[in-house]
>>> print(open('entry-v6.cif').read())   # mmCIF, C-alpha atoms
data_work
loop_
_atom_site.label_atom_id
_atom_site.label_comp_id
_atom_site.auth_asym_id
_atom_site.auth_seq_id
_atom_site.Cartn_x
_atom_site.Cartn_y
_atom_site.Cartn_z
CA MET A 259 63.98 87.94 121.09
CA PRO A 260 61.98 89.05 124.19
CA ASP A 261 60.31 86.43 126.37
CA ILE A 262 56.90 85.94 124.76
CA THR A 263 55.39 84.59 127.97
CA THR A 264 55.35 88.15 129.30
CA LYS A 265 54.05 89.74 126.14
CA PHE A 266 50.48 88.50 125.77
CA VAL A 267 47.51 90.56 126.89
CA ASP A 268 45.84 87.60 128.63
CA GLY A 269 49.09 86.54 130.30
CA SER A 270 49.27 83.25 128.37
CA ASN A 271 52.10 81.90 126.26
CA ASP A 272 49.85 80.20 123.74
CA ILE A 273 51.26 81.41 120.44
CA GLY A 274 48.58 79.75 118.35
CA GLY A 275 45.75 80.50 120.70
CA LYS A 276 43.69 83.11 122.31
CA GLY A 277 45.65 86.16 123.38
CA LEU A 278 46.63 89.24 121.41
CA VAL A 279 50.22 90.39 121.67
CA THR A 280 50.85 93.73 123.36
CA LYS A 281 52.09 96.88 121.73
CA ASP A 282 55.40 96.51 123.62
CA TYR A 283 55.96 93.08 122.09
CA ILE A 284 55.50 94.38 118.55
CA ILE A 285 57.88 97.30 119.20
CA ASP A 286 60.52 94.98 120.70
CA VAL A 287 60.36 92.23 118.10
CA TYR A 288 59.53 94.27 115.01
CA PRO A 289 61.20 97.69 115.52
CA ASN A 290 60.52 98.61 111.90
CA LEU A 291 56.81 98.69 112.81
CA ALA A 292 57.35 100.84 115.91
CA PRO A 293 56.47 104.22 114.31
CA GLY A 294 53.04 102.91 113.41
CA VAL A 295 52.43 101.38 116.82
CA LYS A 296 53.72 104.01 119.24
CA THR A 297 51.18 106.54 120.48
CA PRO A 298 53.12 109.58 121.72
CA ALA A 299 51.35 111.55 124.46
CA LEU A 300 51.32 115.34 124.72
CA TRP A 301 51.69 117.00 128.13
CA SER A 302 51.37 120.66 129.20
CA TRP A 303 52.10 122.63 132.36
CA GLY A 304 52.48 126.23 133.53
CA ASN A 305 50.19 129.17 132.79
CA GLY A 306 46.75 127.87 131.84
CA GLY A 307 45.12 131.23 131.24
CA SER A 308 43.22 131.38 127.93
CA GLY A 309 43.16 127.57 127.83
CA ALA A 310 46.84 126.97 127.07
CA MET A 311 46.79 123.56 128.81
CA GLY A 312 44.29 122.21 126.28
CA ASP A 313 42.48 120.35 129.08
CA ASN A 314 39.21 122.25 128.70
CA THR A 315 40.03 124.59 131.61
CA VAL A 316 41.73 127.96 132.09
CA VAL A 317 43.51 126.74 135.21
CA SER A 318 47.31 126.83 135.55
CA LYS A 319 49.10 123.57 136.32
CA THR A 320 52.26 123.08 138.41
CA SER A 321 52.90 119.62 137.00
CA PRO A 322 52.28 118.02 133.58
CA VAL A 323 48.72 117.20 132.41
CA GLN A 324 47.45 115.78 129.14
CA THR A 325 45.21 117.62 126.69
CA VAL A 326 41.51 116.82 126.76
CA THR A 327 41.89 114.94 123.47
CA GLY A 328 44.06 112.40 125.24
CA GLY A 329 47.52 111.11 124.47
CA LEU A 330 47.39 109.58 121.04
CA ASN A 331 49.56 110.18 118.03
CA TRP A 332 51.20 113.56 118.60
CA LYS A 333 54.21 114.21 116.38
CA GLN A 334 55.40 117.76 117.15
CA ALA A 335 54.30 120.69 119.33
CA SER A 336 55.30 124.34 119.63
CA CYS A 337 54.39 126.96 122.25
CA GLY A 338 53.49 130.58 121.55
CA SER A 339 52.36 133.25 123.97
CA SER A 340 49.63 131.40 125.94
CA TYR A 341 48.80 129.13 123.01
CA THR A 342 50.02 125.85 121.55
CA LEU A 343 50.11 124.39 118.05
CA ALA A 344 50.69 120.69 117.47
CA ILE A 345 50.76 118.19 114.62
CA LYS A 346 49.52 114.62 114.92
CA THR A 347 51.11 111.64 113.20
CA ASP A 348 48.20 111.66 110.74
CA GLY A 349 49.36 115.08 109.50
CA THR A 350 46.51 117.11 111.02
CA LEU A 351 47.31 120.44 112.70
CA TRP A 352 45.69 121.46 116.00
CA GLY A 353 45.77 124.55 118.21
CA TRP A 354 44.49 125.75 121.57
CA GLY A 355 44.87 128.64 124.01
CA ALA A 356 44.98 132.39 123.37
CA ASN A 357 43.74 133.49 119.95
CA PHE A 358 43.56 137.27 120.21
CA LEU A 359 45.34 137.88 116.91
CA GLY A 360 44.33 134.71 115.10
CA GLY A 361 47.30 132.60 116.23
CA LEU A 362 45.27 129.38 116.19
CA GLY A 363 44.60 129.77 112.48
CA ASP A 364 40.96 128.71 112.81
CA GLY A 365 39.48 131.76 111.12
CA THR A 366 38.47 133.38 114.44
CA THR A 367 40.01 135.37 117.27
CA ASN A 368 38.26 133.36 119.98
CA SER A 369 40.47 131.57 122.48
CA LYS A 370 40.03 127.79 122.85
CA SER A 371 40.65 125.62 125.92
CA SER A 372 40.67 122.35 123.99
CA PRO A 373 42.35 121.43 120.68
CA ILE A 374 40.75 122.47 117.39
CA GLN A 375 41.99 122.20 113.82
CA THR A 376 43.11 125.13 111.70
CA ILE A 377 40.53 126.34 109.21
CA ALA A 378 42.77 125.09 106.42
CA GLY A 379 42.26 121.53 107.65
CA GLY A 380 44.02 118.80 105.73
CA ASN A 381 46.42 116.07 106.76
CA THR A 382 49.66 117.15 105.13
CA TRP A 383 51.13 119.35 107.86
CA ASP A 384 54.73 118.42 108.63
CA LYS A 385 56.40 121.06 110.84
CA VAL A 386 55.04 123.96 112.94
CA SER A 387 56.50 126.92 114.83
CA ALA A 388 54.51 129.16 117.18
CA GLY A 389 55.96 132.63 117.72
CA GLU A 390 54.99 135.24 120.26
CA ILE A 391 52.00 136.45 118.22
CA HIS A 392 52.20 134.66 114.87
CA ALA A 393 52.82 131.14 113.60
CA ALA A 394 54.06 129.21 110.59
CA SER A 395 53.85 125.66 109.31
CA ILE A 396 55.39 123.69 106.47
CA LYS A 397 53.37 121.07 104.60
CA THR A 398 54.71 117.80 103.23
CA ASP A 399 54.72 119.37 99.76
CA GLY A 400 57.25 121.98 100.97
CA THR A 401 54.86 124.94 100.95
CA LEU A 402 55.09 127.43 103.83
CA TRP A 403 51.98 128.86 105.50
CA LEU A 404 51.68 131.65 108.11
CA TRP A 405 48.96 133.27 110.21
CA GLY A 406 48.37 135.53 113.20
CA SER A 407 49.75 139.04 113.63
CA GLY A 408 51.57 140.54 110.67
CA ALA A 409 52.11 144.02 112.07
CA SER A 410 55.81 144.13 111.15
CA GLY A 411 55.58 142.06 107.99
CA GLN A 412 56.40 138.75 109.73
CA LEU A 413 53.79 136.86 107.68
CA GLY A 414 55.70 137.64 104.51
CA VAL A 415 52.90 139.74 103.01
CA THR A 416 51.72 143.31 103.39
CA ALA A 417 51.30 144.10 107.10
CA GLY A 418 48.03 142.89 108.61
CA ASN A 419 46.51 140.19 110.79
CA TYR A 420 45.33 136.90 109.32
CA SER A 421 43.34 134.35 111.31
CA SER A 422 43.72 131.62 108.69
CA PRO A 423 46.88 130.33 106.95
CA ILE A 424 48.34 132.22 103.98
CA GLN A 425 51.52 131.80 101.94
CA THR A 426 54.40 134.28 101.84
CA VAL A 427 54.60 136.58 98.86
CA ILE A 428 57.38 134.48 97.32
CA GLY A 429 55.49 131.20 97.73
CA GLY A 430 57.48 128.16 96.64
CA ASN A 431 57.46 124.51 97.62
CA ASN A 432 60.99 123.96 98.83
CA TRP A 433 60.85 125.07 102.47
CA VAL A 434 62.31 122.60 104.99
CA GLN A 435 62.52 124.44 108.34
CA VAL A 436 60.90 127.51 109.91
CA SER A 437 61.19 129.40 113.19
CA CYS A 438 58.93 132.18 114.48
CA GLY A 439 59.92 134.60 117.24
CA TYR A 440 58.83 138.05 118.28
CA LYS A 441 57.53 139.58 115.02
CA VAL A 442 60.26 137.77 113.06
CA THR A 443 60.18 134.70 110.83
CA ALA A 444 63.21 132.82 109.51
CA ALA A 445 63.18 129.77 107.26
CA ILE A 446 65.53 127.53 105.34
CA LYS A 447 64.95 126.15 101.85
CA SER A 448 65.96 122.74 100.54
CA ASP A 449 68.83 124.39 98.69
CA GLY A 450 70.34 125.45 102.04
CA THR A 451 69.57 129.16 101.70
CA LEU A 452 68.35 131.09 104.74
CA TRP A 453 65.60 133.71 104.52
CA ALA A 454 64.15 136.09 107.12
CA TRP A 455 61.41 138.73 107.26
CA GLY A 456 59.49 140.93 109.68
CA LEU A 457 60.81 143.20 112.43
CA ASN A 458 64.41 144.34 111.95
CA SER A 459 64.92 147.03 114.61
CA SER A 460 67.89 145.15 116.08
CA GLY A 461 69.20 143.70 112.85
CA GLU A 462 67.46 140.37 113.40
CA LEU A 463 67.08 139.76 109.65
CA GLY A 464 70.86 139.66 109.31
CA ASP A 465 70.87 141.77 106.14
CA ASN A 466 73.12 144.51 107.57
CA THR A 467 70.19 146.93 107.90
CA ILE A 468 67.56 147.78 110.49
CA VAL A 469 64.74 148.06 107.94
CA ASN A 470 61.63 145.92 108.44
CA ARG A 471 60.80 143.56 105.56
CA SER A 472 57.40 142.17 104.59
CA SER A 473 58.90 139.73 102.11
CA PRO A 474 61.75 137.25 102.65
CA VAL A 475 65.37 138.41 102.28
CA GLN A 476 68.62 136.52 102.65
CA THR A 477 71.19 137.26 105.34
CA ILE A 478 74.12 139.34 104.13
CA THR A 479 76.38 136.30 104.36
CA GLY A 480 74.17 134.43 101.88
CA GLY A 481 75.34 130.91 101.20
CA SER A 482 73.60 127.58 100.75
CA THR A 483 74.89 125.61 103.71
CA TRP A 484 72.42 126.60 106.42
CA ARG A 485 71.10 123.65 108.43
CA SER A 486 68.89 125.02 111.24
CA VAL A 487 67.64 128.37 112.55
CA SER A 488 66.08 129.65 115.80
CA VAL A 489 64.46 133.05 116.37
CA GLY A 490 64.30 134.67 119.82
CA LEU A 491 61.05 134.87 121.78
CA GLY A 492 59.46 137.70 123.76
CA THR A 493 59.80 141.45 123.45
CA GLY A 494 63.50 141.12 124.28
CA GLY A 495 64.00 138.29 121.82
CA GLY A 496 65.43 140.10 118.82
CA THR A 497 68.22 137.57 118.40
CA VAL A 498 68.58 134.91 115.70
CA ALA A 499 70.92 131.92 115.69
CA ALA A 500 71.65 129.38 112.98
CA THR A 501 73.92 126.42 112.35
CA LYS A 502 75.57 125.51 109.08
CA THR A 503 76.17 122.07 107.65
CA ASP A 504 79.85 122.43 108.59
CA GLY A 505 78.87 122.59 112.27
CA THR A 506 79.59 126.29 112.75
CA LEU A 507 77.21 128.46 114.80
CA TRP A 508 76.25 132.00 113.79
CA LEU A 509 74.21 134.68 115.61
CA TRP A 510 72.94 138.18 114.89
CA GLY A 511 70.48 140.77 116.15
CA LEU A 512 70.08 141.94 119.73
CA GLY A 513 73.23 141.45 121.79
CA THR A 514 72.82 143.75 124.78
CA SER A 515 72.80 140.85 127.26
CA GLY A 516 75.67 139.01 125.63
CA GLN A 517 73.31 136.66 123.81
CA LEU A 518 75.41 136.68 120.62
CA GLY A 519 78.09 134.83 122.59
CA ASP A 520 80.90 136.84 121.01
CA ASN A 521 82.20 138.25 124.31
CA THR A 522 80.48 141.61 123.71
CA ILE A 523 77.17 143.21 124.59
CA VAL A 524 76.87 144.80 121.16
CA THR A 525 73.95 144.33 118.76
CA LYS A 526 74.91 143.08 115.28
CA SER A 527 72.93 143.29 112.02
CA SER A 528 75.01 140.64 110.27
CA PRO A 529 76.00 137.14 111.42
CA VAL A 530 78.95 136.57 113.78
CA GLN A 531 80.31 133.43 115.40
CA THR A 532 80.35 132.84 119.13
CA ILE A 533 83.72 133.35 120.81
CA ALA A 534 83.76 129.60 121.38
CA ALA A 535 83.71 129.19 117.57
CA GLY A 536 84.33 125.61 116.47
CA SER A 537 82.57 123.35 114.01
CA THR A 538 80.90 120.87 116.34
CA TRP A 539 77.57 122.58 117.05
CA SER A 540 74.58 120.33 116.37
CA SER A 541 71.57 122.45 117.50
CA VAL A 542 70.72 125.85 118.97
CA SER A 543 67.73 127.56 120.60
CA VAL A 544 67.14 131.24 121.38
CA GLY A 545 64.98 132.46 124.28
CA ALA A 546 63.98 135.98 125.32
CA ASN A 547 67.52 137.20 125.98
CA HIS A 548 69.60 134.06 126.23
CA CYS A 549 70.75 131.24 124.00
CA ALA A 550 71.74 127.62 124.44
CA ALA A 551 73.28 125.07 122.11
CA ILE A 552 74.31 121.43 122.05
CA LYS A 553 77.57 120.18 120.55
CA ASN A 554 78.12 116.92 118.69
CA ASP A 555 79.69 115.48 121.85
CA GLY A 556 76.40 115.98 123.74
CA THR A 557 77.58 118.86 125.92
CA LEU A 558 75.18 121.77 126.51
CA TRP A 559 76.30 125.41 126.53
CA SER A 560 74.42 128.63 127.40
CA TRP A 561 75.06 132.37 127.27
CA GLY A 562 73.32 135.74 127.54
CA GLY A 563 71.09 137.07 130.30
CA ASN A 564 70.96 134.91 133.42
CA GLY A 565 68.09 136.33 135.45
CA ASN A 566 66.56 133.62 137.67
CA GLY A 567 69.30 131.20 136.63
CA ARG A 568 68.21 130.53 133.05
CA LEU A 569 71.77 129.53 132.03
CA GLY A 570 71.72 126.67 134.52
CA ASP A 571 75.22 127.35 135.86
CA ASN A 572 74.06 127.75 139.47
CA THR A 573 74.47 131.55 139.29
CA THR A 574 72.45 134.53 138.09
CA THR A 575 75.44 136.14 136.40
CA GLY A 576 75.03 137.00 132.75
CA ARG A 577 77.55 135.55 130.29
CA SER A 578 78.68 136.96 126.95
CA SER A 579 80.43 133.74 126.02
CA PRO A 580 79.22 130.11 126.29
CA VAL A 581 79.34 128.24 129.62
CA GLN A 582 78.19 124.74 130.52
CA THR A 583 75.28 124.04 132.82
CA VAL A 584 76.23 123.02 136.34
CA ALA A 585 74.84 119.58 135.56
CA GLY A 586 77.54 119.16 132.91
CA GLY A 587 77.55 115.84 131.14
CA SER A 588 77.66 114.80 127.53
CA THR A 589 74.25 113.23 127.06
CA TRP A 590 72.10 116.19 126.02
CA LYS A 591 70.19 115.79 122.75
CA ILE A 592 67.16 118.15 122.56
CA LEU A 593 66.86 121.78 123.65
CA SER A 594 64.32 124.62 123.89
CA CYS A 595 64.74 128.12 125.34
CA GLY A 596 61.75 130.17 126.49
CA GLY A 597 61.13 133.45 128.25
CA GLY A 598 63.61 133.28 131.12
CA TYR A 599 63.99 129.52 131.27
CA THR A 600 65.44 126.52 129.46
CA ALA A 601 64.27 122.93 128.88
CA ALA A 602 66.37 120.04 127.61
CA ILE A 603 66.16 116.28 127.13
CA LYS A 604 68.96 113.79 127.66
CA ASN A 605 69.71 110.67 125.62
CA ASN A 606 67.92 108.54 128.22
CA GLY A 607 64.69 110.49 127.64
CA SER A 608 64.75 112.38 130.93
CA LEU A 609 63.51 115.99 130.84
CA TRP A 610 65.26 118.79 132.75
CA LEU A 611 64.30 122.46 133.19
CA TRP A 612 65.82 125.50 134.87
CA GLY A 613 65.43 129.27 135.18
CA TYR A 614 62.43 131.49 135.88
CA ASN A 615 59.49 129.50 137.27
CA GLN A 616 56.84 132.20 137.54
CA TYR A 617 53.98 130.01 136.32
CA ALA A 618 55.36 126.63 137.42
CA ASN A 619 56.58 126.22 133.86
CA LEU A 620 59.43 124.04 135.13
CA GLY A 621 56.85 121.38 135.96
CA ASP A 622 58.38 120.57 139.35
CA ASN A 623 55.20 121.25 141.34
CA SER A 624 56.48 124.62 142.55
CA SER A 625 56.90 128.21 141.42
CA THR A 626 60.47 128.43 142.71
CA SER A 627 63.06 129.52 140.14
CA ARG A 628 66.05 127.21 139.68
CA SER A 629 69.59 128.11 138.64
CA SER A 630 70.48 124.48 138.01
CA PRO A 631 68.56 121.76 136.16
CA VAL A 632 65.66 119.93 137.84
CA GLN A 633 63.38 117.20 136.51
CA THR A 634 59.62 117.51 136.12
CA VAL A 635 57.61 115.68 138.76
CA VAL A 636 56.52 113.22 136.08
CA THR A 637 59.55 110.94 135.85
CA GLY A 638 60.03 107.49 134.40
CA ILE A 639 58.74 108.70 131.03
CA VAL A 640 60.78 108.77 127.85
CA TRP A 641 60.40 112.33 126.60
CA GLU A 642 60.83 112.81 122.85
CA SER A 643 60.51 116.58 122.41
CA VAL A 644 59.88 119.77 124.40
CA SER A 645 58.87 123.37 123.65
CA ALA A 646 59.37 126.30 126.03
CA SER A 647 57.29 129.46 125.58
CA SER A 648 57.42 133.16 126.28
CA GLN A 649 54.92 135.88 127.08
CA SER A 650 56.46 139.35 126.65
CA GLY A 651 59.85 137.94 127.57
CA SER A 652 58.67 136.06 130.68
CA PRO A 653 57.84 132.35 131.00
CA ASP A 654 54.37 131.11 130.15
CA HIS A 655 53.80 127.39 129.66
CA THR A 656 55.65 124.31 128.47
CA VAL A 657 54.58 121.39 126.30
CA ALA A 658 56.36 118.10 125.74
CA ILE A 659 55.71 114.86 123.90
CA ALA A 660 56.45 111.52 125.55
CA ALA A 661 56.88 108.16 123.90
CA GLY A 662 53.80 106.00 123.92
#
>>> encode(input="entry-v6.cif", output="structure tokens")
Amino acid sequence: MPDITTKFVDGSNDIGGKGLVTKDYIIDVYPNLAPGVKTPALWSWGNGGSGAMGDNTVVSKTSPVQTVTGGLNWKQASCGSSYTLAIKTDGTLWGWGANFLGGLGDGTTNSKSSPIQTIAGGNTWDKVSAGEIHAASIKTDGTLWLWGSGASGQLGVTAGNYSSPIQTVIGGNNWVQVSCGYKVTAAIKSDGTLWAWGLNSSGELGDNTIVNRSSPVQTITGGSTWRSVSVGLGTGGGTVAATKTDGTLWLWGLGTSGQLGDNTIVTKSSPVQTIAAGSTWSSVSVGANHCAAIKNDGTLWSWGGNGNGRLGDNTTTGRSSPVQTVAGGSTWKILSCGGGYTAAIKNNGSLWLWGYNQYANLGDNSSTSRSSPVQTVVTGIVWESVSASSQSGSPDHTVAIAAG
């Protein structure tokens, strides 16, 4: 048990007396209570135009800052094109930044520089994904809701823009994961089936056609063993990647930069495995024209376009098959690819970024691009999650949640 003499607010060691124990003491001694005691903080940096920092300004930031609402109780955050959506631990859903096509879901198209709730309100939001120009969220009851631009059918209803959340045409209450990209939505149901809808010009729906769909369809491979899915960002992000429960990794859609990882630069309208194959992939993320994935052993691999060093291998040479970052190591656990850059968290909670740094989205107090991983200037924090964004295939801003 930790030394209680260092754990009282007033500095005393009088167990029966005056002082209140600190939050750290409760977390250390009663770890089962930790989720209710921790207060995760949300940080943003990069392009602040349209209010994407959430700090009540439209000023860009070269190092992390907190939203104007402060640092309490954030559970998950996702970046879109100059906007952010985030869920608090109380189940409420908040958004800020650009809102030109209704991406904040607040019933308006007015941009916001500080967090506001979606018009749907409520406290049962569980997961959220912000795409380039549309967004989706799953509630605790398993229903799936979408809003923003629906020009290519990516909202799962007849094409059109919606500034408040709606359900897809097939409805249902068994959705468990969703990913939004550039005019494409993909989601997995509790039965392990994978569904996609929206733009299909590069075969990103995986149904062996290039026909847009305004209602969900399954990939041509079908099956009920899909575990996770990631849809590419930006106008060059017509790539989709997914892992199965057996640890295999599959990709389809745009492949002209080698982002399918199958040692070709050929676009595919049905799923293929990377040339590395294997059954030890644990997670994957797709950016504007590159991909990265983490294996069960904690190693991180990247492939595709490598402009500005987004693959992190200390070169700018594109790769059509997976390579490791120059940092190497086997302690990577969380990953997010954006427009021309990559962000990842190690087991020790340190946050690393590399690639295009146009808007200081690497958070290293500069706008210098990096072809190998660097840490944000805010160190000594245990980072729990990160989301990299894209604006028309280029970097925009980054958000991350740190342990409280």
>>> resolve_selection(input="entry-v6.cif", expression="the PyMOL selection byres ((chain A and resi 462) around 7)", output="ChimeraX atom specification")
/A:458,460-461,463-464,496-498,510-511,527
>>> closest_residue(input="entry-v6.cif", among="A:Ile533, A:Cys595, A:Ala356, A:Val581", to="Leu491 of chain A", atoms="only C-alpha atoms")
A:Cys595
>>> atom_distance(input="entry-v6.cif", atom1="atom CA of Pro580 of chain A", atom2="atom CA of Leu518 of chain A")
9.5 Å
>>> closest_residue(input="entry-v6.cif", among="A:Thr350, A:Ser528, A:Ser369, A:Ser541", to="Gly309 of chain A", atoms="only C-alpha atoms")
A:Ser369
>>> closest_atom_pairs(input="entry-v6.cif", of="segment 332-431 of chain A", to="segment 297-307 of chain A", cutoff="9 Å", atoms="only C-alpha atoms", output="CSV")
residue,atom,partner,partner_atom,distance
A:Trp332,CA,A:Pro298,CA,5.4
A:Lys333,CA,A:Pro298,CA,7.2
A:Gln334,CA,A:Leu300,CA,8.9
A:Ala335,CA,A:Leu300,CA,8.2
A:Ser340,CA,A:Gly307,CA,7.0
A:Thr347,CA,A:Thr297,CA,8.9
A:Gly355,CA,A:Gly307,CA,7.7
A:Ala356,CA,A:Gly307,CA,8.0
A:Ser371,CA,A:Gly306,CA,8.8
>>> write_last_selection(input="entry-v6.cif", atoms="C-alpha atoms", output="PDB file, keeping the file's coordinate frame")
ATOM      1  CA  TRP A 332      51.200 113.560 118.600  1.00  0.00           C
ATOM      2  CA  LYS A 333      54.210 114.210 116.380  1.00  0.00           C
ATOM      3  CA  GLN A 334      55.400 117.760 117.150  1.00  0.00           C
ATOM      4  CA  ALA A 335      54.300 120.690 119.330  1.00  0.00           C
ATOM      5  CA  SER A 340      49.630 131.400 125.940  1.00  0.00           C
ATOM      6  CA  THR A 347      51.110 111.640 113.200  1.00  0.00           C
ATOM      7  CA  GLY A 355      44.870 128.640 124.010  1.00  0.00           C
ATOM      8  CA  ALA A 356      44.980 132.390 123.370  1.00  0.00           C
ATOM      9  CA  SER A 371      40.650 125.620 125.920  1.00  0.00           C
TER      10      SER A 371
END
>>> resolve_selection(input="entry-v6.cif", expression="the PyMOL selection byres ((chain A and resi 500) around 8)", output="list of chain:residue names")
A:Trp484, A:Arg485, A:Ser486, A:Val487, A:Ser488, A:Val498, A:Ala499, A:Thr501, A:Lys502, A:Leu507, A:Trp508, A:Leu509, A:Val542
>>> resolve_selection(input="entry-v6.cif", expression="the PyMOL selection byres ((chain A and resi 516) around 7)", output="list of chain:residue names")
A:Gly513, A:Thr514, A:Ser515, A:Gln517, A:Leu518, A:Gly519, A:Asn521, A:Thr522, A:Ile523, A:Trp561, A:Gly562, A:Gly563, A:Arg577, A:Ser578
>>> atom_distance(input="entry-v6.cif", atom1="atom CA of His392 of chain A", atom2="atom CA of Pro653 of chain A")
17.2 Å
>>> atom_distance(input="entry-v6.cif", atom1="atom CA of Leu413 of chain A", atom2="atom CA of Thr426 of chain A")
6.4 Å
>>> residues_near_point(input="entry-v6.cif", point="(65.9, 128.0, 98.4)", cutoff="12 Å", atoms="all atoms listed in the file", output="number ranges by chain")
A: 400-401, 428-435, 445-453, 474-476, 480-484
>>> residues_around(input="entry-v6.cif", residues="segment 583-588 of chain A", least_positions_apart="6", cutoff="7 Å", atoms="all atoms listed in the file", output="PDB file with C-alpha atoms, keeping the file's coordinate frame")
ATOM      1  CA  ASP A 555      79.690 115.480 121.850  1.00  0.00           C
ATOM      2  CA  GLY A 556      76.400 115.980 123.740  1.00  0.00           C
ATOM      3  CA  THR A 557      77.580 118.860 125.920  1.00  0.00           C
ATOM      4  CA  LEU A 558      75.180 121.770 126.510  1.00  0.00           C
ATOM      5  CA  TRP A 559      76.300 125.410 126.530  1.00  0.00           C
ATOM      6  CA  LEU A 569      71.770 129.530 132.030  1.00  0.00           C
ATOM      7  CA  GLY A 570      71.720 126.670 134.520  1.00  0.00           C
ATOM      8  CA  ASP A 571      75.220 127.350 135.860  1.00  0.00           C
ATOM      9  CA  ASN A 572      74.060 127.750 139.470  1.00  0.00           C
ATOM     10  CA  SER A 630      70.480 124.480 138.010  1.00  0.00           C
ATOM     11  CA  PRO A 631      68.560 121.760 136.160  1.00  0.00           C
TER      12      PRO A 631
END
>>> closest_residue(input="entry-v6.cif", among="A:Thr325, A:Arg628, A:Thr398, A:Trp610", to="Asp348 of chain A", atoms="only C-alpha atoms")
A:Thr398
>>> closest_residue(input="entry-v6.cif", among="A:Asn606, A:Val640, A:Gln616, A:Val544", to="Asn566 of chain A", atoms="all atoms listed in the file")
A:Gln616
>>> closest_residue(input="entry-v6.cif", among="A:Gln531, A:Ser624, A:Ser372, A:Ser648", to="Trp354 of chain A", atoms="all atoms listed in the file")
A:Ser372
>>> residues_around(input="entry-v6.cif", residues="Val427 of chain A", least_positions_apart="3", cutoff="12 Å", atoms="all atoms listed in the file", output="compact mmCIF listing (two decimals) with C-alpha atoms, keeping the file's coordinate frame")
# COMPACT_ATOMS: atom_id res chain seq x y z
CA THR A 401 54.86 124.94 100.95
CA LEU A 402 55.09 127.43 103.83
CA TRP A 403 51.98 128.86 105.50
CA LEU A 404 51.68 131.65 108.11
CA GLY A 411 55.58 142.06 107.99
CA GLN A 412 56.40 138.75 109.73
CA LEU A 413 53.79 136.86 107.68
CA GLY A 414 55.70 137.64 104.51
CA VAL A 415 52.90 139.74 103.01
CA THR A 416 51.72 143.31 103.39
CA ALA A 417 51.30 144.10 107.10
CA ILE A 424 48.34 132.22 103.98
CA GLY A 430 57.48 128.16 96.64
CA TRP A 455 61.41 138.73 107.26
CA ARG A 471 60.80 143.56 105.56
CA SER A 472 57.40 142.17 104.59
CA SER A 473 58.90 139.73 102.11
CA PRO A 474 61.75 137.25 102.65
CA VAL A 475 65.37 138.41 102.28
>>> build_atoms(input="entry-v6.cif", residues="segment 633-644 of chain A", atoms="N, CA and C atoms", output="mmCIF file, keeping the file's coordinate frame")
data_model
loop_
_atom_site.group_PDB
_atom_site.id
_atom_site.type_symbol
_atom_site.label_atom_id
_atom_site.label_comp_id
_atom_site.auth_asym_id
_atom_site.auth_seq_id
_atom_site.Cartn_x
_atom_site.Cartn_y
_atom_site.Cartn_z
ATOM 1 N N GLN A 633 64.298 117.987 137.327
ATOM 2 C CA GLN A 633 63.380 117.200 136.510
ATOM 3 C C GLN A 633 61.937 117.575 136.821
ATOM 4 N N THR A 634 61.050 117.352 135.856
ATOM 5 C CA THR A 634 59.620 117.510 136.120
ATOM 6 C C THR A 634 59.203 116.453 137.129
ATOM 7 N N VAL A 635 58.067 116.670 137.768
ATOM 8 C CA VAL A 635 57.610 115.680 138.760
ATOM 9 C C VAL A 635 57.159 114.394 138.093
ATOM 10 N N VAL A 636 56.886 114.443 136.803
ATOM 11 C CA VAL A 636 56.520 113.220 136.080
ATOM 12 C C VAL A 636 57.814 112.604 135.551
ATOM 13 N N THR A 637 58.325 111.612 136.258
ATOM 14 C CA THR A 637 59.550 110.940 135.850
ATOM 15 C C THR A 637 59.226 109.532 135.356
ATOM 16 N N GLY A 638 60.241 108.838 134.889
ATOM 17 C CA GLY A 638 60.030 107.490 134.400
ATOM 18 C C GLY A 638 59.404 107.440 133.026
ATOM 19 N N ILE A 639 59.303 108.602 132.379
ATOM 20 C CA ILE A 639 58.740 108.700 131.030
ATOM 21 C C ILE A 639 59.877 109.009 130.068
ATOM 22 N N VAL A 640 59.801 108.451 128.885
ATOM 23 C CA VAL A 640 60.780 108.770 127.850
ATOM 24 C C VAL A 640 60.252 109.957 127.047
ATOM 25 N N TRP A 641 60.836 111.121 127.292
ATOM 26 C CA TRP A 641 60.400 112.330 126.600
ATOM 27 C C TRP A 641 61.080 112.414 125.241
ATOM 28 N N GLU A 642 60.320 112.766 124.216
ATOM 29 C CA GLU A 642 60.830 112.810 122.850
ATOM 30 C C GLU A 642 61.082 114.220 122.349
ATOM 31 N N SER A 643 60.308 115.197 122.830
ATOM 32 C CA SER A 643 60.510 116.580 122.410
ATOM 33 C C SER A 643 59.924 117.514 123.451
ATOM 34 N N VAL A 644 60.367 118.781 123.439
ATOM 35 C CA VAL A 644 59.880 119.770 124.400
ATOM 36 C C VAL A 644 59.880 121.144 123.734
#
